[in-house]
Protein chains: 2
Amino acid sequence: MTELPAGRPTVYDVARVAGVSIKTVSRVVNQSAGVSDKTRQLVLGVVEELGYVVNPAARSLVTGSSSTIGVIVDSIADPFFASLVSVVEVRALAAGFSTQVASTWRDPQRERDQLLRMTRENVSGLMLAPTMGDHSWFAATVGDVPAVLVDRGWPGSGLDMVGVNDRAGAKHAVEQLLKAGHTRIAFLGDDTELTTTEHRREGYLAAMDAAGVPVPEELDRGSLAMTDPGVGAVTELLELPDPPTALFSSNARASLGAVRALHMTGRTDVALISFGDFELADALQPGITVVDHDPALIAATAVERLLARIGGAQLVPAEILLPTPLVKRGSGEVPCNRS
Amino acid sequence: MTELPAGRPTVYDVARVAGVSIKTVSRVVNQSAGVSDKTRQLVLGVVEELGYVVNPAARSLVTGSSSTIGVIVDSIADPFFASLVSVVEVRALAAGFSTQVASTWRDPQRERDQLLRMTRENVSGLMLAPTMGDHSWFAATVGDVPAVLVDRGWPGSGLDMVGVNDRAGAKHAVEQLLKAGHTRIAFLGDDTELTTTEHRREGYLAAMDAAGVPVPEELDRGSLAMTDPGVGAVTELLELPDPPTALFSSNARASLGAVRALHMTGRTDVALISFGDFELADALQPGITVVDHDPALIAATAVERLLARIGGAQLVPAEILLPTPLVKRGSGEVPCNRS
DNA sequence: CTGCCCATTGACAGCGCTGTCTAACCCGGC
DNA sequence: GCCGGGTTAGACAGCGCTGTCAATGGGCAG
């Protein structure tokens, strides 16, 4: 019986037992050329016998790279990002990369800390949903690690950005509401700082403007308090002397609030279109019409791009905007209930 | 001007510029004792100036530990686990640990692979929602890395397990349905292999038995196909010659399917209680009564336990079962519509 | 003034691995 | 039989850091 080493076996243990040099073990484990079949089989046998696994820390120390992809998003608890991360994880694993996830909670300081942490862990690539803070430090912190932005970017980032055409998607949705006869259409935002919210608001305003419909200030709820996920704002809107007959919600979180407010007061006569799908949107009566903002598609596109860059592909930084089909389920087609 | 090194600065660079030894730099960076205030300030200044950050790979190589907590769950895309992971991440970060997340998709092979990967990355601790496969390999793979199981365990694991009292929670829910006058109460399961599902089924059967109500086979839908998240099963149930007047769904995924099936067919006269809360459960008409299976509470409890173990606390492995209050929202109190 | 002790600092090895460079080996052709 | 060329294997350094242990120096008791 071969004597087993005390702790976890190392290349030295394998080499000793197999009667070869550590370099040969390294070659076999890394599948590099220059090893005869006979030696390879011998070494693989010993590797199996001892249960040897490489120490990624040691490898990373030498190579300066860790076969890890870092993903930094607003919050893993957000269903949109949870879904995105999940797709990235599966694809990355298949490509031989493990995934590190971190949340920023939209805090620029946290974003920077997480990015710094990942950078010093020698991640092979980064996927980031950036905060709205200043990013002038980005290049210095991240260096030349391949990076892809998701959902949004910042001016002059010089990076790939995979997202959707917020403006067009929003415009299309509002046009649908106008087509159903609505003119008093309220806008529900999120954080006004978020460029995505801002672009969707632009789409809203553009559609209204093109239809010649004025937008009274009280219907433009650009920002919602983080503590109030929409319920309060919608309740307020409905209590106006001249309330809106339709709502365009710029994000799923606000939509959930809107649905709560509408359903709890039985006001299903108010039209609603949500930018971003959510669970049960199809089961409500009426079903909620949504602009489909699919995290899986964004993730799949972004991760391919990132893997290509990690693989050394020379790509011109691009802004990749995916389509956002309007999924009509009823709530966006509710006709205007006012003369 | 101090000349900056080419690549990322190392302890050598800092030591050279500060005119001290690398060991002193190491001491300052690690806040270990035995450095005078003057030296400390000097070194910290240089650290700042050069933008030095430790190389975790090198540190991990020496210390054999990586200040990382590994979290392995069914799927990060599952809202329950997404929420759980999110809480762990925040708490771990505050304690100086970064978090690695991985999904098993309930595949024992994947579970083992992920565990092996994390083990060789020298994680400081592990949190695992185990698959239902054999775990005889566990001790050999994981060694003495502190580990805490969440949501479920396996017999003789000898590990901490943080979950809920599935049997009692389910029994309580079914008693509520019985109290509302229902006798034809269907059970919606998930995977029959899952011990959580099985325990909840036991609670269901126990409540029925205690009330002297027989459970016809056709109402006991222990397992649902992964591809059918409940809609099909519930539709079938409602088309029975003698359909159930109430449903007890053992998990949120099945509940979503049940809600879809009920709302799309307008059958809100059927009572429903869900084991596990979900988004919009409160906004539906009627609101969905749930057994509150709170991921945040489980996560918080489990991570504290794990951090204590990592900190060297000597604890007797325990099964910690958290309470599952019944949140009455209406759907569980719908009276029986049959004579 | 001398010696001793403690506080502070440094020299050095080595964690496990891979890159570079050299050595050994086997083959066929002259 | 000897040499050249290609293939396979090994020796060795060093990635950046921390643990061990030794050295240095300043203050205070004797």
# chains A, B, ... in the order shown; residues from 1 in each chain; ligands from 1

$ residues_around --residues "segment 327-338 of chain B" --least-positions-apart "6" --cutoff "6 Å" --atoms "only C-alpha atoms (C1' of nucleotides)" --output "number ranges by chain"
B: 180-182, 271-273, 286-290

$ write_last_selection --atoms "N, CA and C atoms" --output "PDB file, in the first residue's frame"
ATOM      1  N   ALA B 180     -62.031  25.608   8.236  1.00  0.00           N
ATOM      2  CA  ALA B 180     -62.923  26.358   7.343  1.00  0.00           C
ATOM      3  C   ALA B 180     -63.981  25.447   6.726  1.00  0.00           C
ATOM      4  N   GLY B 181     -63.974  24.179   7.131  1.00  0.00           N
ATOM      5  CA  GLY B 181     -65.026  23.278   6.693  1.00  0.00           C
ATOM      6  C   GLY B 181     -64.677  22.357   5.536  1.00  0.00           C
ATOM      7  N   HIS B 182     -63.427  22.456   5.069  1.00  0.00           N
ATOM      8  CA  HIS B 182     -63.037  21.623   3.927  1.00  0.00           C
ATOM      9  C   HIS B 182     -62.705  20.199   4.375  1.00  0.00           C
ATOM     10  N   ALA B 271     -60.238  27.078  -1.863  1.00  0.00           N
ATOM     11  CA  ALA B 271     -59.319  27.554  -0.829  1.00  0.00           C
ATOM     12  C   ALA B 271     -57.888  27.111  -1.162  1.00  0.00           C
ATOM     13  N   LEU B 272     -56.908  27.916  -0.695  1.00  0.00           N
ATOM     14  CA  LEU B 272     -55.510  27.594  -0.989  1.00  0.00           C
ATOM     15  C   LEU B 272     -54.622  28.110   0.129  1.00  0.00           C
ATOM     16  N   ILE B 273     -53.740  27.249   0.595  1.00  0.00           N
ATOM     17  CA  ILE B 273     -52.688  27.714   1.499  1.00  0.00           C
ATOM     18  C   ILE B 273     -51.358  27.268   0.912  1.00  0.00           C
ATOM     19  N   PRO B 286     -58.831  36.455  -3.509  1.00  0.00           N
ATOM     20  CA  PRO B 286     -58.397  36.871  -2.171  1.00  0.00           C
ATOM     21  C   PRO B 286     -56.880  36.762  -2.029  1.00  0.00           C
ATOM     22  N   GLY B 287     -56.329  37.415  -1.002  1.00  0.00           N
ATOM     23  CA  GLY B 287     -54.905  37.280  -0.719  1.00  0.00           C
ATOM     24  C   GLY B 287     -54.598  35.830  -0.393  1.00  0.00           C
ATOM     25  N   ILE B 288     -53.383  35.395  -0.711  1.00  0.00           N
ATOM     26  CA  ILE B 288     -53.055  33.989  -0.485  1.00  0.00           C
ATOM     27  C   ILE B 288     -52.520  33.783   0.928  1.00  0.00           C
ATOM     28  N   THR B 289     -53.193  32.934   1.652  1.00  0.00           N
ATOM     29  CA  THR B 289     -52.740  32.575   2.994  1.00  0.00           C
ATOM     30  C   THR B 289     -51.496  31.694   2.860  1.00  0.00           C
ATOM     31  N   VAL B 290     -50.453  32.035   3.624  1.00  0.00           N
ATOM     32  CA  VAL B 290     -49.208  31.280   3.490  1.00  0.00           C
ATOM     33  C   VAL B 290     -48.637  30.858   4.837  1.00  0.00           C
TER      34      VAL B 290
END

$ residues_around --residues "DA23 of chain C" --least-positions-apart "3" --cutoff "12 Å" --atoms "only C-alpha atoms (C1' of nucleotides)" --output "list of chain:residue names"
D:DT8, D:DA9, D:DG10, D:DA11

$ write_last_selection --atoms "C-alpha atoms (C1' of nucleotides)" --output "PDB file, in the first residue's frame"
ATOM      1  C1'  DT D   8      10.227  13.401 -23.523  1.00  0.00           C
ATOM      2  C1'  DA D   9      11.601  14.380 -18.805  1.00  0.00           C
ATOM      3  C1'  DG D  10      13.692  16.919 -14.947  1.00  0.00           C
ATOM      4  C1'  DA D  11      16.209  20.770 -12.231  1.00  0.00           C
TER       5       DA D  11
END

$ closest_atom_pairs --of "chain C" --to "chain B" --cutoff "12 Å" --atoms "only C-alpha atoms (C1' of nucleotides)" --output "Markdown table"
| residue | atom | partner | partner_atom | distance |
| --- | --- | --- | --- | --- |
| C:DC6 | C1' | B:Gly34 | CA | 11.3 |
| C:DA7 | C1' | B:Gly34 | CA | 7.3 |
| C:DT8 | C1' | B:Gly34 | CA | 6.1 |
| C:DT9 | C1' | B:Thr24 | CA | 7.1 |
| C:DG10 | C1' | B:Ser21 | CA | 6.1 |
| C:DA11 | C1' | B:Ser21 | CA | 9.1 |
| C:DC12 | C1' | B:Lys23 | CA | 10.8 |
| C:DA13 | C1' | B:Val62 | CA | 11.9 |
| C:DG14 | C1' | B:Val62 | CA | 8.5 |
| C:DC15 | C1' | B:Val62 | CA | 4.5 |
| C:DG16 | C1' | B:Leu61 | CA | 7.3 |
| C:DC17 | C1' | B:Leu61 | CA | 9.9 |

$ closest_atom_pairs --of "segment 59-111 of chain B" --to "segment 75-93 of chain A" --cutoff "6 Å" --atoms "only C-alpha atoms" --output "JSON lines"
{"residue": "B:Ile76", "atom": "CA", "partner": "A:Ser86", "partner_atom": "CA", "distance": 5.7}
{"residue": "B:Ala77", "atom": "CA", "partner": "A:Ser83", "partner_atom": "CA", "distance": 4.7}
{"residue": "B:Ala82", "atom": "CA", "partner": "A:Ala77", "partner_atom": "CA", "distance": 4.9}
{"residue": "B:Ser83", "atom": "CA", "partner": "A:Ala77", "partner_atom": "CA", "distance": 4.7}
{"residue": "B:Ser86", "atom": "CA", "partner": "A:Ala77", "partner_atom": "CA", "distance": 5.6}

$ select_by_dssp --residues "segment 269-301 of chain A" --states "strand (DSSP E)" --output "PyMOL selection string"
chain A and resi 271-275+289-291

$ select_by_dssp --residues "segment 111-292 of chain B" --states "alpha helix (DSSP H)" --output "compact mmCIF listing (two decimals) with C-alpha atoms, in the first residue's frame"
# COMPACT_ATOMS: atom_id res chain seq x y z
CA GLU B 111 -23.31 19.28 -5.91
CA ARG B 112 -20.22 17.18 -5.42
CA ASP B 113 -18.31 19.00 -8.15
CA GLN B 114 -19.13 22.39 -6.67
CA LEU B 115 -18.21 21.22 -3.20
CA LEU B 116 -14.92 19.84 -4.45
CA ARG B 117 -14.17 23.07 -6.27
CA MET B 118 -14.88 25.15 -3.20
CA THR B 119 -12.93 22.87 -0.94
CA ARG B 120 -9.83 23.12 -3.03
CA PHE B 138 -19.06 14.32 2.16
CA ALA B 139 -16.66 14.05 5.08
CA ALA B 140 -13.79 12.92 2.87
CA THR B 141 -14.32 15.72 0.36
CA VAL B 142 -14.97 18.56 2.74
CA ASP B 166 -41.96 21.40 7.94
CA ARG B 167 -44.24 18.86 9.51
CA ALA B 168 -45.71 21.20 12.11
CA GLY B 169 -46.08 24.11 9.68
CA ALA B 170 -47.91 21.95 7.19
CA LYS B 171 -50.11 20.39 9.83
CA HIS B 172 -51.09 23.80 11.10
CA ALA B 173 -52.00 24.97 7.60
CA VAL B 174 -54.14 21.94 6.87
CA GLU B 175 -55.87 22.30 10.22
CA GLN B 176 -56.83 25.80 9.15
CA LEU B 177 -58.39 24.43 5.96
CA LEU B 178 -60.23 21.79 7.95
CA LYS B 179 -61.47 24.49 10.31
CA THR B 195 -37.29 15.47 2.50
CA THR B 196 -38.91 18.87 2.96
CA THR B 197 -41.74 17.88 0.63
CA GLU B 198 -42.05 14.57 2.39
CA HIS B 199 -42.21 16.17 5.84
CA ARG B 200 -44.83 18.62 4.70
CA ARG B 201 -46.80 15.74 3.26
CA GLU B 202 -46.57 13.99 6.61
CA GLY B 203 -47.95 17.09 8.29
CA TYR B 204 -50.80 17.13 5.80
CA LEU B 205 -51.57 13.46 6.37
CA ALA B 206 -51.31 13.86 10.14
CA ALA B 207 -53.81 16.73 10.19
CA MET B 208 -56.19 14.84 7.97
CA ASP B 209 -55.83 11.73 10.04
CA ALA B 210 -56.36 13.58 13.31
CA VAL B 231 -50.84 24.36 -13.51
CA GLY B 232 -51.46 20.98 -15.10
CA ALA B 233 -51.86 19.13 -11.82
CA VAL B 234 -54.33 21.66 -10.45
CA THR B 235 -56.33 21.72 -13.68
CA GLU B 236 -56.57 17.94 -13.53
CA LEU B 237 -57.69 18.08 -9.91
CA LEU B 238 -60.44 20.56 -10.68
CA ALA B 252 -43.97 28.36 -3.61
CA ARG B 253 -43.34 27.03 -7.11
CA ALA B 254 -46.39 24.80 -6.98
CA SER B 255 -48.37 27.64 -5.41
CA LEU B 256 -47.61 29.88 -8.36
CA GLY B 257 -48.92 27.18 -10.63
CA ALA B 258 -52.01 26.75 -8.50
CA VAL B 259 -52.68 30.47 -8.50
CA ARG B 260 -52.32 30.51 -12.29
CA ALA B 261 -54.72 27.62 -12.70
CA LEU B 262 -57.27 29.04 -10.27
CA HIS B 263 -57.19 32.60 -11.54
CA MET B 264 -57.23 31.72 -15.19
